[in-house]
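Quick look at my_file09.txt (compact mmCIF, C-alpha atoms and all ligand atoms):
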```txt
# COMPACT_ATOMS: atom_id res chain seq x y z
CA MET T 3 0.96 -29.65 1.33
CA ASN T 4 2.41 -26.30 2.31
CA LYS T 5 6.09 -26.11 1.40
CA LEU T 6 8.65 -24.91 3.91
CA TYR T 7 10.87 -22.29 2.29
CA TYR T 8 14.49 -22.07 3.46
CA THR T 9 15.52 -20.06 0.40
CA PRO T 10 17.51 -16.92 1.22
CA GLY T 11 15.08 -14.38 -0.26
CA PRO T 12 12.29 -14.45 -0.95
CA SER T 13 11.89 -16.90 1.88
CA ALA T 14 9.12 -18.22 4.08
CA LEU T 15 6.69 -15.49 5.11
CA TYR T 16 6.90 -14.44 8.74
CA TYR T 17 4.55 -16.77 10.57
CA THR T 18 2.08 -13.99 11.37
CA ALA T 19 2.16 -12.41 7.88
CA GLU T 20 -0.87 -14.26 6.51
CA GLU T 21 -3.08 -13.07 9.36
CA HIS T 22 -1.86 -9.46 8.91
CA LEU T 23 -2.40 -9.68 5.16
CA LYS T 24 -5.98 -10.87 5.63
CA ARG T 25 -6.65 -8.06 8.07
CA ALA T 26 -5.12 -5.52 5.67
CA LEU T 27 -7.51 -6.61 2.93
CA LYS T 28 -10.45 -6.52 5.31
CA GLU T 29 -9.46 -2.98 6.32
CA GLN T 30 -9.06 -2.09 2.60
CA ILE T 31 -5.52 -0.84 3.20
CA PRO T 32 -4.54 -0.95 -0.52
CA SER T 33 -7.27 1.61 -1.28
CA ILE T 34 -6.48 4.26 1.34
CA SER T 35 -4.90 7.56 0.29
CA HIS T 36 -1.16 7.86 0.81
CA ARG T 37 -1.79 11.52 1.71
CA GLY T 38 -4.37 10.81 4.39
CA ALA T 39 -4.07 10.56 8.18
CA GLN T 40 -4.58 6.78 8.23
CA PHE T 41 -1.51 6.21 6.09
CA GLN T 42 0.52 8.67 8.16
CA GLU T 43 -0.32 6.62 11.24
CA ILE T 44 0.75 3.40 9.52
CA TYR T 45 3.99 5.02 8.37
CA LYS T 46 4.71 6.31 11.88
CA LEU T 47 3.98 2.93 13.44
CA ALA T 48 6.33 1.17 11.01
CA SER T 49 9.02 3.76 11.57
CA ASP T 50 8.69 3.85 15.39
CA ARG T 51 8.68 0.07 15.71
CA LEU T 52 11.68 -0.35 13.41
CA ARG T 53 13.53 2.26 15.45
CA SER T 54 12.93 0.35 18.69
CA LEU T 55 13.61 -3.05 17.15
CA LEU T 56 16.94 -1.94 15.69
CA ALA T 57 17.79 0.39 18.61
CA LEU T 58 18.34 3.07 15.99
CA PRO T 59 19.66 6.37 17.39
CA ASP T 60 17.72 9.64 16.95
CA ASN T 61 20.19 11.05 14.43
CA TYR T 62 19.02 8.45 11.91
CA GLN T 63 16.08 8.76 9.53
CA ILE T 64 14.08 5.75 8.34
CA LEU T 65 13.23 5.97 4.62
CA PHE T 66 11.25 3.69 2.33
CA THR T 67 12.28 2.77 -1.22
CA ALA T 68 11.27 0.09 -3.70
CA SER T 69 14.20 -2.24 -2.99
CA ALA T 70 17.76 -2.49 -1.69
CA THR T 71 18.98 -2.32 -5.28
CA GLU T 72 17.38 1.11 -5.48
CA ILE T 73 19.24 2.12 -2.31
CA TRP T 74 22.55 1.23 -3.99
CA GLU T 75 21.76 3.64 -6.81
CA ARG T 76 20.44 6.37 -4.50
CA SER T 77 23.49 6.08 -2.22
CA ILE T 78 25.83 6.80 -5.10
CA GLN T 79 23.65 9.55 -6.62
CA ASN T 80 23.25 11.35 -3.30
CA CYS T 81 26.59 10.87 -1.60
CA VAL T 82 29.35 10.41 -4.19
CA ALA T 83 30.82 13.05 -6.46
CA GLU T 84 33.78 11.13 -7.78
CA GLN T 85 34.69 7.94 -6.03
CA SER T 86 33.17 5.16 -3.95
CA VAL T 87 35.08 2.30 -2.35
CA HIS T 88 33.70 -1.23 -2.27
CA LEU T 89 34.68 -4.26 -0.21
CA ILE T 90 33.80 -7.12 -2.54
CA ASN T 91 33.45 -10.78 -1.60
CA GLY T 92 30.49 -11.98 -3.61
CA ALA T 93 27.73 -11.13 -6.08
CA PHE T 94 25.84 -8.54 -4.02
CA SER T 95 28.86 -6.45 -3.01
CA GLN T 96 29.99 -6.70 -6.66
CA ARG T 97 26.65 -5.41 -7.92
CA PHE T 98 26.84 -2.25 -5.79
CA TYR T 99 30.30 -1.57 -7.25
CA GLU T 100 28.99 -2.02 -10.78
CA ILE T 101 26.12 0.41 -10.16
CA SER T 102 28.61 3.05 -9.08
CA LYS T 103 30.56 2.54 -12.31
CA GLN T 104 27.35 2.62 -14.37
CA LEU T 105 26.58 5.98 -12.80
CA GLY T 106 29.94 7.22 -14.07
CA LYS T 107 31.82 7.24 -10.76
CA GLY T 108 35.38 6.12 -10.20
CA ALA T 109 34.52 3.09 -8.11
CA VAL T 110 37.43 1.37 -6.37
CA ALA T 111 37.19 -2.32 -5.52
CA PHE T 112 39.00 -4.29 -2.83
CA GLU T 113 38.20 -7.84 -3.75
CA VAL T 114 38.90 -11.20 -2.15
CA PRO T 115 38.09 -14.76 -3.24
CA HIS T 116 34.55 -15.87 -2.45
CA GLY T 117 34.28 -17.56 0.92
CA SER T 118 36.40 -14.92 2.66
CA SER T 119 36.07 -11.22 3.50
CA VAL T 120 38.17 -8.12 2.87
CA ASP T 121 40.64 -7.26 5.63
CA PRO T 122 40.08 -3.55 6.44
CA ALA T 123 43.86 -3.09 6.75
CA VAL T 124 44.24 -3.51 2.96
CA VAL T 125 41.71 -0.75 2.23
CA LYS T 126 44.02 2.12 1.34
CA VAL T 127 42.54 5.10 -0.48
CA ALA T 128 43.20 8.82 -0.10
CA ASP T 129 40.09 10.56 1.31
CA PRO T 130 37.37 8.22 0.07
CA GLU T 131 33.87 9.76 0.00
CA LEU T 132 31.97 6.56 0.74
CA ILE T 133 32.91 3.01 1.72
CA ALA T 134 30.41 0.24 0.98
CA VAL T 135 30.50 -2.76 3.29
CA THR T 136 28.26 -5.79 2.85
CA HIS T 137 27.62 -7.13 6.32
CA ASN T 138 26.12 -10.37 5.07
CA GLU T 139 27.09 -11.56 1.58
CA THR T 140 24.01 -13.61 0.72
CA SER T 141 25.69 -15.24 -2.27
CA THR T 142 28.50 -16.86 -0.24
CA GLY T 143 27.29 -17.06 3.38
CA VAL T 144 30.09 -14.82 4.64
CA SER T 145 29.58 -12.10 7.27
CA GLN T 146 31.99 -9.21 7.62
CA PRO T 147 33.02 -9.11 11.31
CA LEU T 148 31.58 -6.02 13.04
CA ALA T 149 35.06 -5.17 14.37
CA ASP T 150 36.12 -4.61 10.73
CA ILE T 151 33.55 -1.86 10.40
CA THR T 152 34.87 -0.19 13.56
CA ALA T 153 38.40 -0.49 12.16
CA LEU T 154 37.33 1.22 8.93
CA ARG T 155 35.69 4.01 10.91
CA ALA T 156 38.86 4.56 12.94
CA GLN T 157 40.90 4.68 9.73
CA TYR T 158 38.46 6.92 7.83
CA PRO T 159 36.52 9.06 10.34
CA ASP T 160 35.37 11.55 7.68
CA THR T 161 34.22 8.98 5.15
CA LEU T 162 30.60 7.89 4.86
CA ILE T 163 30.28 4.19 5.68
CA THR T 164 27.23 2.40 4.35
CA VAL T 165 26.37 -1.14 5.43
CA ASP T 166 24.31 -3.67 3.47
CA GLY T 167 22.33 -5.50 6.15
CA VAL T 168 19.77 -6.79 3.67
CA SER T 169 19.98 -10.43 4.76
CA SER T 170 21.05 -9.87 8.38
CA LEU T 171 18.94 -7.03 9.84
CA PRO T 172 17.39 -7.16 12.42
CA ALA T 173 19.27 -10.33 13.45
CA VAL T 174 22.56 -8.41 13.63
CA ALA T 175 23.13 -5.67 16.22
CA LEU T 176 24.90 -2.97 14.21
CA ASP T 177 26.65 -0.14 16.05
CA TYR T 178 25.05 2.80 14.27
CA SER T 179 27.56 5.24 15.77
CA GLN T 180 30.29 3.59 13.68
CA ILE T 181 28.49 3.95 10.34
CA ASP T 182 26.37 6.45 8.42
CA ALA T 183 23.78 4.31 6.70
CA ALA T 184 22.41 0.78 6.60
CA TYR T 185 19.66 -0.82 4.58
CA LEU T 186 17.51 -3.89 4.13
CA SER T 187 14.80 -5.45 1.97
CA VAL T 188 11.71 -6.87 3.63
CA GLN T 189 11.68 -10.22 1.77
CA LYS T 190 14.72 -11.44 3.73
CA CYS T 191 14.70 -11.48 7.56
CA PHE T 192 11.31 -9.77 7.90
CA GLY T 193 9.59 -12.52 5.92
CA LEU T 194 7.37 -10.22 3.85
CA PRO T 195 6.46 -9.99 0.17
CA ALA T 196 9.22 -8.24 -1.82
CA GLY T 197 8.90 -4.67 -3.05
CA LEU T 198 10.00 -2.52 -0.11
CA GLY T 199 13.47 -1.32 0.83
CA VAL T 200 14.32 0.34 4.15
CA TRP T 201 17.12 2.90 4.20
CA LEU T 202 18.56 4.11 7.51
CA VAL T 203 20.60 7.30 7.10
CA ASN T 204 22.25 9.74 9.51
CA GLU T 205 22.71 13.51 9.23
CA ARG T 206 26.10 13.15 7.53
CA MET T 207 24.46 11.41 4.55
CA LEU T 208 21.96 14.27 4.19
CA ALA T 209 24.67 16.91 4.54
CA LYS T 210 26.68 15.26 1.78
CA ALA T 211 23.66 15.11 -0.54
CA GLU T 212 22.92 18.79 0.09
CA ALA T 213 26.54 19.74 -0.51
CA LEU T 214 26.57 17.82 -3.82
CA ALA T 215 23.32 19.42 -4.91
CA ALA T 216 24.77 22.84 -4.09
CA THR T 217 27.63 22.21 -6.54
CA GLY T 218 25.09 21.59 -9.30
CA GLN T 219 25.44 17.80 -9.37
CA SER T 220 22.22 15.88 -9.89
CA ILE T 221 21.28 13.88 -6.80
CA GLY T 222 18.22 12.42 -8.51
CA SER T 223 14.66 13.63 -8.31
CA TYR T 224 11.76 12.22 -6.26
CA HIS T 225 14.00 9.87 -4.23
CA SER T 226 16.87 12.25 -3.48
CA LEU T 227 17.73 12.21 0.22
CA PRO T 228 16.37 15.74 0.85
CA ALA T 229 13.10 14.79 -0.91
CA LEU T 230 12.74 11.52 1.03
CA ILE T 231 13.62 13.15 4.35
CA SER T 232 11.30 16.15 4.00
CA ARG T 233 8.40 13.80 3.23
CA ALA T 234 9.39 11.41 6.05
CA ALA T 235 9.04 14.34 8.47
CA LYS T 236 5.31 14.24 7.56
CA ASN T 237 5.18 10.42 7.70
CA GLN T 238 4.84 10.33 3.95
CA THR T 239 6.79 9.36 0.85
CA PRO T 240 7.29 11.45 -2.31
CA GLU T 241 5.47 8.90 -4.50
CA THR T 242 2.56 6.53 -3.96
CA PRO T 243 4.46 3.93 -1.95
CA ASN T 244 3.98 0.24 -1.23
CA VAL T 245 1.30 1.04 1.37
CA LEU T 246 0.50 -2.63 1.94
CA GLY T 247 4.19 -3.43 2.42
CA ILE T 248 4.61 -0.64 4.98
CA TYR T 249 1.47 -1.82 6.81
CA LEU T 250 2.78 -5.40 6.96
CA LEU T 251 6.21 -4.22 8.07
CA ALA T 252 4.65 -2.28 10.95
CA ALA T 253 2.71 -5.39 11.96
CA VAL T 254 5.64 -7.82 11.78
CA ALA T 255 8.02 -5.37 13.48
CA GLY T 256 5.42 -5.22 16.28
CA ASP T 257 5.38 -9.01 16.54
CA MET T 258 9.17 -9.07 16.65
CA LEU T 259 9.17 -6.47 19.44
CA ASP T 260 6.68 -8.62 21.37
CA LYS T 261 8.90 -11.65 20.94
CA GLY T 262 11.96 -9.59 21.87
CA ILE T 263 15.02 -8.90 19.75
CA ASP T 264 17.29 -10.71 22.23
CA MET T 265 15.21 -13.86 21.90
CA ILE T 266 15.27 -13.57 18.09
CA ARG T 267 19.06 -13.21 18.14
CA ARG T 268 19.53 -16.10 20.59
CA GLU T 269 17.36 -18.37 18.48
CA THR T 270 19.22 -17.31 15.33
CA ALA T 271 22.53 -18.29 16.96
CA TYR T 272 21.10 -21.61 18.19
CA LYS T 273 19.70 -22.57 14.77
CA ALA T 274 22.91 -21.55 12.99
CA ALA T 275 25.04 -23.62 15.38
CA LEU T 276 22.79 -26.62 14.83
CA LEU T 277 23.02 -26.51 11.04
CA TYR T 278 26.74 -25.67 10.93
CA HIS T 279 27.33 -28.70 13.14
CA ALA T 280 25.45 -30.85 10.62
CA PHE T 281 27.48 -29.34 7.75
CA ASP T 282 30.76 -29.92 9.63
CA THR T 283 30.00 -33.52 10.50
CA HIS T 284 28.45 -34.68 7.22
CA PRO T 285 31.02 -36.45 5.01
CA ALA T 286 29.72 -34.84 1.80
CA LEU T 287 29.29 -31.28 3.08
CA SER T 288 31.71 -28.48 3.86
CA VAL T 289 30.97 -24.91 4.92
CA PHE T 290 31.93 -22.41 2.19
CA ALA T 291 33.02 -19.63 4.60
CA LYS T 292 36.71 -20.38 5.04
CA LYS T 293 37.09 -19.13 8.61
CA GLU T 294 34.70 -19.90 11.42
CA SER T 295 34.61 -16.21 12.43
CA LEU T 296 33.22 -15.33 8.99
CA ARG T 297 30.30 -17.76 9.03
CA SER T 298 26.99 -16.01 8.49
CA GLN T 299 24.30 -16.60 11.10
CA THR T 300 21.46 -15.93 8.67
CA VAL T 301 22.52 -17.44 5.33
CA LEU T 302 24.36 -20.76 5.66
CA VAL T 303 26.20 -21.98 2.59
CA ALA T 304 27.77 -25.41 2.10
CA GLU T 305 29.54 -27.06 -0.78
CA VAL T 306 28.13 -30.46 -1.58
CA GLU T 307 30.47 -33.11 -2.90
CA GLY T 308 29.23 -34.33 -6.26
CA GLY T 309 26.76 -31.42 -6.58
CA SER T 310 23.86 -30.09 -4.52
CA ALA T 311 20.97 -31.15 -6.79
CA PRO T 312 20.35 -34.62 -5.27
CA LEU T 313 20.32 -33.18 -1.73
CA ILE T 314 17.95 -30.38 -2.79
CA GLU T 315 15.65 -32.96 -4.43
CA TYR T 316 15.76 -35.16 -1.32
CA LEU T 317 14.67 -32.19 0.80
CA ALA T 318 12.01 -31.17 -1.76
CA ALA T 319 10.48 -34.65 -1.52
CA LYS T 320 9.87 -33.91 2.18
CA GLY T 321 8.36 -30.49 1.37
CA LEU T 322 11.45 -28.41 2.18
CA VAL T 323 12.61 -25.84 -0.37
CA ALA T 324 16.36 -25.25 0.05
CA GLY T 325 18.32 -22.61 -1.84
CA ILE T 326 20.64 -23.56 -4.68
CA GLY T 327 24.10 -22.02 -4.92
CA TYR T 328 24.40 -18.48 -6.25
CA GLY T 329 25.60 -17.83 -9.79
CA GLN T 330 28.68 -19.92 -10.57
CA TYR T 331 27.97 -22.09 -7.49
CA LYS T 332 24.45 -22.95 -8.61
CA ALA T 333 25.12 -26.67 -9.03
CA SER T 334 27.71 -27.20 -6.31
CA GLN T 335 26.31 -25.43 -3.26
CA LEU T 336 23.38 -25.41 -0.89
CA ARG T 337 22.16 -22.13 0.67
CA ILE T 338 19.87 -22.11 3.68
CA ALA T 339 18.17 -19.06 5.15
CA ASN T 340 18.05 -18.89 8.93
CA PHE T 341 15.56 -16.05 9.31
CA PRO T 342 13.42 -15.09 12.33
CA THR T 343 10.39 -16.87 10.87
CA HIS T 344 12.21 -20.22 10.84
CA SER T 345 11.40 -21.90 14.14
CA LYS T 346 13.82 -23.97 16.19
CA GLU T 347 11.67 -27.04 15.45
CA GLN T 348 11.81 -26.38 11.71
CA PHE T 349 15.59 -26.11 11.93
CA GLU T 350 15.86 -29.27 14.01
CA TYR T 351 13.80 -31.07 11.35
CA LEU T 352 15.95 -29.72 8.51
CA THR T 353 19.15 -30.59 10.38
CA ASP T 354 17.96 -34.15 11.07
CA LEU T 355 17.12 -34.64 7.41
CA ILE T 356 20.49 -33.33 6.26
CA THR T 357 22.34 -35.44 8.82
CA SER T 358 20.63 -38.61 7.62
CA TYR T 359 21.15 -37.79 3.94
CA LYS T 360 23.24 -40.42 2.15
CA VAL T 361 25.06 -39.50 -1.05
C1 LIG N 401 18.75 -9.59 -1.73
C2 LIG N 401 19.92 -8.71 -1.51
C3 LIG N 401 20.03 -7.45 -2.12
C4 LIG N 401 19.04 -6.93 -3.13
O1 LIG N 401 17.76 -6.78 -2.60
P1 LIG N 401 16.55 -6.37 -3.60
O2 LIG N 401 15.39 -6.27 -2.70
O3 LIG N 401 16.47 -7.47 -4.61
O4 LIG N 401 16.94 -5.10 -4.24
C5 LIG N 401 21.11 -6.66 -1.80
N1 LIG N 401 22.08 -7.08 -0.95
C6 LIG N 401 22.02 -8.29 -0.37
C7 LIG N 401 23.10 -8.70 0.56
C8 LIG N 401 20.95 -9.13 -0.62
O5 LIG N 401 20.88 -10.33 -0.02
```

Starting from the file, lay out its structure as structure tokens.
Ligand SMILES: *Cc1c(COP(=O)(O)O)cnc(C)c1O
Amino acid sequence: MNKLYYTPGPSALYYTAEEHLKRALKEQIPSISHRGAQFQEIYKLASDRLRSLLALPDNYQILFTASATEIWERSIQNCVAEQSVHLINGAFSQRFYEISKQLGKGAVAFEVPHGSSVDPAVVKVADPELIAVTHNETSTGVSQPLADITALRAQYPDTLITVDGVSSLPAVALDYSQIDAAYLSVQKCFGLPAGLGVWLVNERMLAKAEALAATGQSIGSYHSLPALISRAAKNQTPETPNVLGIYLLAAVAGDMLDKGIDMIRRETAYKAALLYHAFDTHPALSVFAKKESLRSQTVLVAEVEGGSAPLIEYLAAKGLVAGIGYGQYKASQLRIANFPTHSKEQFEYLTDLITSYKV
């Protein structure tokens, strides 16, 4: 029996991914040259389709890396001389902060208890170079309200603002005029095999990297922003990239465009409402996000009275793979991905099972 993955990354493959993967093998995509015209066409298709899907403005470049974790490191190397600022409310936002410290920067943390998000009004720093916001904290199921990002921009117009949309793009409609960079990994909402990060950067990010390089600071080598951007202009990458991953991304982004981003977002909201209702009404479950306005639409996290293992086993017996809690919440919480590949019917089935679960 095929299992149904509701884990928050990797998750279920996008429902068309298998067909695209088979076609890729038939077309011998993994063997083509990454310097040839066929690859350039694939790159351009992926880039063009992502741009339409995300409604990304022209002043943004679309760059490919190995992962989102790599983008954390590259963001600091390319855009921070001394100090980055991090809004921390879970394990992923925390990790970005730690990478900045590991790279020798004076990273400043504004931290709140898990289950909540940092109020932008408490973020007080003199002339920060870069502020890191995690739109969707996958470890806790908390989403930073988009109005908070706008508030940060108003407060710090000259600061680079970089948004982790790894587990929410393309389900979230970011306002790219209020930020300077955003990024994602394809194994989350795009439902593809891991090993490809997508970095969206505007001209202010590039200008900062060039200014740092001009002072003699190292901004890295093959994946510095100038190196990535000059190759992207030729629909290429500096290294031999994940050609298969880029091919699959182009294909799935095309399917998502055919379905329509509005439909994807409406279905995401419907499925989230359904499951949150089940969490709210079940006597043994409670949503971890403290305030309703902070509840993630794409990663739903509940605390389970007495521990989540029996509920996860109950679902597994029906062929459903649910996510365990993250880190310290491993045994106490349930995490469910609500990604574009998860159909309304699959969510109705999951919700019915959870509703009828008896402790
Ligand atoms: C999964 C995840 C990452 C890391 O992605 P990798 O592809 O493992 O590097 C970063 N941020 C968030 C919010 C995530 O969910």

Find the nearest atom pair between each residue of chain T and ligand LIG 401 (chain N) for residues within 10 Å, count all atoms listed in the file, give distances in Å to one decimal, sort rows by chain and ascending number, and present the table as JSON lines.
```
{"residue": "T:Pro10", "atom": "CA", "partner": "N:LIG401", "partner_atom": "O5", "distance": 7.5}
{"residue": "T:Gly11", "atom": "CA", "partner": "N:LIG401", "partner_atom": "C1", "distance": 6.2}
{"residue": "T:Pro12", "atom": "CA", "partner": "N:LIG401", "partner_atom": "C1", "distance": 8.1}
{"residue": "T:Thr67", "atom": "CA", "partner": "N:LIG401", "partner_atom": "O4", "distance": 9.6}
{"residue": "T:Ala68", "atom": "CA", "partner": "N:LIG401", "partner_atom": "O2", "distance": 7.6}
{"residue": "T:Ser69", "atom": "CA", "partner": "N:LIG401", "partner_atom": "O4", "distance": 4.2}
{"residue": "T:Ala70", "atom": "CA", "partner": "N:LIG401", "partner_atom": "O4", "distance": 3.7}
{"residue": "T:Thr71", "atom": "CA", "partner": "N:LIG401", "partner_atom": "O4", "distance": 3.6}
{"residue": "T:Glu72", "atom": "CA", "partner": "N:LIG401", "partner_atom": "O4", "distance": 6.3}
{"residue": "T:Ile73", "atom": "CA", "partner": "N:LIG401", "partner_atom": "O4", "distance": 7.8}
{"residue": "T:Trp74", "atom": "CA", "partner": "N:LIG401", "partner_atom": "C5", "distance": 8.3}
{"residue": "T:Gly92", "atom": "CA", "partner": "N:LIG401", "partner_atom": "C7", "distance": 9.1}
{"residue": "T:Ala93", "atom": "CA", "partner": "N:LIG401", "partner_atom": "C7", "distance": 8.5}
{"residue": "T:Phe94", "atom": "CA", "partner": "N:LIG401", "partner_atom": "N1", "distance": 5.1}
{"residue": "T:Ser95", "atom": "CA", "partner": "N:LIG401", "partner_atom": "N1", "distance": 7.1}
{"residue": "T:Gln96", "atom": "CA", "partner": "N:LIG401", "partner_atom": "N1", "distance": 9.8}
{"residue": "T:Arg97", "atom": "CA", "partner": "N:LIG401", "partner_atom": "C5", "distance": 8.3}
{"residue": "T:Phe98", "atom": "CA", "partner": "N:LIG401", "partner_atom": "C5", "distance": 8.3}
{"residue": "T:Val135", "atom": "CA", "partner": "N:LIG401", "partner_atom": "C7", "distance": 9.9}
{"residue": "T:Thr136", "atom": "CA", "partner": "N:LIG401", "partner_atom": "C7", "distance": 6.4}
{"residue": "T:His137", "atom": "CA", "partner": "N:LIG401", "partner_atom": "C7", "distance": 7.5}
{"residue": "T:Asn138", "atom": "CA", "partner": "N:LIG401", "partner_atom": "C7", "distance": 5.7}
{"residue": "T:Glu139", "atom": "CA", "partner": "N:LIG401", "partner_atom": "C7", "distance": 5.0}
{"residue": "T:Thr140", "atom": "CA", "partner": "N:LIG401", "partner_atom": "O5", "distance": 4.6}
{"residue": "T:Ser141", "atom": "CA", "partner": "N:LIG401", "partner_atom": "O5", "distance": 7.2}
{"residue": "T:Thr142", "atom": "CA", "partner": "N:LIG401", "partner_atom": "C7", "distance": 9.8}
{"residue": "T:Gly143", "atom": "CA", "partner": "N:LIG401", "partner_atom": "C7", "distance": 9.8}
{"residue": "T:Ser145", "atom": "CA", "partner": "N:LIG401", "partner_atom": "C7", "distance": 9.9}
{"residue": "T:Val165", "atom": "CA", "partner": "N:LIG401", "partner_atom": "C7", "distance": 9.6}
{"residue": "T:Asp166", "atom": "CA", "partner": "N:LIG401", "partner_atom": "C7", "distance": 5.9}
{"residue": "T:Gly167", "atom": "CA", "partner": "N:LIG401", "partner_atom": "C7", "distance": 6.5}
{"residue": "T:Val168", "atom": "CA", "partner": "N:LIG401", "partner_atom": "C6", "distance": 4.9}
{"residue": "T:Ser169", "atom": "CA", "partner": "N:LIG401", "partner_atom": "O5", "distance": 4.9}
{"residue": "T:Ser170", "atom": "CA", "partner": "N:LIG401", "partner_atom": "C7", "distance": 8.2}
{"residue": "T:Tyr185", "atom": "CA", "partner": "N:LIG401", "partner_atom": "N1", "distance": 8.7}
{"residue": "T:Leu186", "atom": "CA", "partner": "N:LIG401", "partner_atom": "O1", "distance": 7.3}
{"residue": "T:Ser187", "atom": "CA", "partner": "N:LIG401", "partner_atom": "O2", "distance": 4.8}
{"residue": "T:Val188", "atom": "CA", "partner": "N:LIG401", "partner_atom": "O2", "distance": 7.3}
{"residue": "T:Gln189", "atom": "CA", "partner": "N:LIG401", "partner_atom": "O2", "distance": 7.0}
{"residue": "T:Lys190", "atom": "CA", "partner": "N:LIG401", "partner_atom": "C1", "distance": 7.0}
{"residue": "T:Cys191", "atom": "CA", "partner": "N:LIG401", "partner_atom": "O5", "distance": 9.8}
{"residue": "T:Ala196", "atom": "CA", "partner": "N:LIG401", "partner_atom": "O2", "distance": 6.5}
{"residue": "T:Gly197", "atom": "CA", "partner": "N:LIG401", "partner_atom": "O2", "distance": 6.7}
{"residue": "T:Leu198", "atom": "CA", "partner": "N:LIG401", "partner_atom": "O2", "distance": 7.1}
{"residue": "T:Gly199", "atom": "CA", "partner": "N:LIG401", "partner_atom": "O2", "distance": 6.4}
{"residue": "T:Val200", "atom": "CA", "partner": "N:LIG401", "partner_atom": "O2", "distance": 9.6}
{"residue": "T:Val301", "atom": "CA", "partner": "N:LIG401", "partner_atom": "O5", "distance": 9.0}
```

Judged by only C-alpha atoms, the minimum distance to Gly247 (chain T) among T:Leu296, T:Leu132, T:Ala123, T:Leu194 is found for T:Leu194

- prompt: Do you have the CA of Ile231 (chain T)-CA of Leu47 (chain T) distance handy?
  reply: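 Value for the CA of Ile231 (chain T)-CA of Leu47 (chain T) distance: 16.7 Å.
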
Name all residues at most 10 Å from region 268-272 of chain T (count only C-alpha atoms; drop same-chain ones fewer than 3 positions away) and give them as a PDB file with C-alpha atoms, in the frame of the given file.
```
ATOM      1  CA  ALA T 173      19.270 -10.330  13.450  1.00  0.00           C
ATOM      2  CA  VAL T 174      22.560  -8.410  13.630  1.00  0.00           C
ATOM      3  CA  ILE T 263      15.020  -8.900  19.750  1.00  0.00           C
ATOM      4  CA  ASP T 264      17.290 -10.710  22.230  1.00  0.00           C
ATOM      5  CA  MET T 265      15.210 -13.860  21.900  1.00  0.00           C
ATOM      6  CA  ALA T 275      25.040 -23.620  15.380  1.00  0.00           C
ATOM      7  CA  LEU T 276      22.790 -26.620  14.830  1.00  0.00           C
ATOM      8  CA  LEU T 277      23.020 -26.510  11.040  1.00  0.00           C
ATOM      9  CA  SER T 298      26.990 -16.010   8.490  1.00  0.00           C
ATOM     10  CA  GLN T 299      24.300 -16.600  11.100  1.00  0.00           C
ATOM     11  CA  THR T 300      21.460 -15.930   8.670  1.00  0.00           C
ATOM     12  CA  ASN T 340      18.050 -18.890   8.930  1.00  0.00           C
ATOM     13  CA  PHE T 341      15.560 -16.050   9.310  1.00  0.00           C
ATOM     14  CA  PRO T 342      13.420 -15.090  12.330  1.00  0.00           C
ATOM     15  CA  THR T 343      10.390 -16.870  10.870  1.00  0.00           C
ATOM     16  CA  HIS T 344      12.210 -20.220  10.840  1.00  0.00           C
ATOM     17  CA  SER T 345      11.400 -21.900  14.140  1.00  0.00           C
ATOM     18  CA  LYS T 346      13.820 -23.970  16.190  1.00  0.00           C
ATOM     19  CA  PHE T 349      15.590 -26.110  11.930  1.00  0.00           C
TER      20      PHE T 349
END
```

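Between CA of Ala333 (chain T) and CA of Tyr316 (chain T) the interatomic distance comes to 14.8 Å.
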
- Message: as a ChimeraX atom specification, please: the residues near Arg25 (chain T) (cut-off 12 Å, all atoms listed in the file, same-chain neighbours under 6 positions excluded).
- Response: /T:18-19,31-32,246,249-250,253

Using only C-alpha atoms, pick whichever of T:Ala286, T:Leu58, T:Gly309, T:Val361 has the shortest atom-to-atom distance to Ile181 (chain T).
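With only C-alpha atoms as the atom set, the closest residue is T:Leu58.
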
Restricting to all atoms listed in the file, whichever of T:Ala48, T:Leu27, T:Met3, T:Ala319 is closest to Leu251 (chain T) is T:Ala48

A straight line from CA of Ala274 (chain T) to CA of Leu15 (chain T) spans 19.0 Å

Legend entry - For Ser223 (chain T), the nearest of the candidates T:Val127, T:Leu56, T:Leu148, T:Ala211, counting all atoms listed in the file: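 Among T:Val127, T:Leu56, T:Leu148, T:Ala211, it is T:Ala211 that comes nearest to Ser223 (chain T).
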
With distances taken over all atoms listed in the file, which of T:Val87, T:Leu162, T:Leu171, T:Ala252 is nearest to His22 (chain T)?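 Selected residue with least distance to His22 (chain T): T:Ala252.
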
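Take the candidates T:Arg37, T:Lys107, T:Arg267, T:Lys126 and check each one against Thr242 (chain T) using all atoms listed in the file; the shortest distance goes to T:Arg37.
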
Shell around region 60-66 of chain T at 9 Å using all atoms listed in the file, local window under 2 positions removed, as a ChimeraX atom specification: /T:49,52-53,58,68-69,178,182-183,198-205,227,230-231,234,239,243-244,248

Coordinates of region 280-292 of chain T, C-alpha atoms, as an mmCIF file, in the first residue's frame:
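Writing the result to selection_35.cif gives the following:
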```
data_model
loop_
_atom_site.group_PDB
_atom_site.id
_atom_site.type_symbol
_atom_site.label_atom_id
_atom_site.label_comp_id
_atom_site.auth_asym_id
_atom_site.auth_seq_id
_atom_site.Cartn_x
_atom_site.Cartn_y
_atom_site.Cartn_z
ATOM 1 C CA ALA T 280 -10.594 19.178 14.403
ATOM 2 C CA PHE T 281 -7.682 20.185 16.674
ATOM 3 C CA ASP T 282 -9.850 22.774 18.472
ATOM 4 C CA THR T 283 -12.747 20.408 19.071
ATOM 5 C CA HIS T 284 -10.836 17.254 20.023
ATOM 6 C CA PRO T 285 -10.589 16.854 23.809
ATOM 7 C CA ALA T 286 -6.974 15.617 23.695
ATOM 8 C CA LEU T 287 -5.602 18.118 21.177
ATOM 9 C CA SER T 288 -4.664 21.777 21.379
ATOM 10 C CA VAL T 289 -3.086 23.998 18.729
ATOM 11 C CA PHE T 290 0.475 24.991 19.685
ATOM 12 C CA ALA T 291 0.325 28.484 18.105
ATOM 13 C CA LYS T 292 -0.914 30.599 20.987
#
```
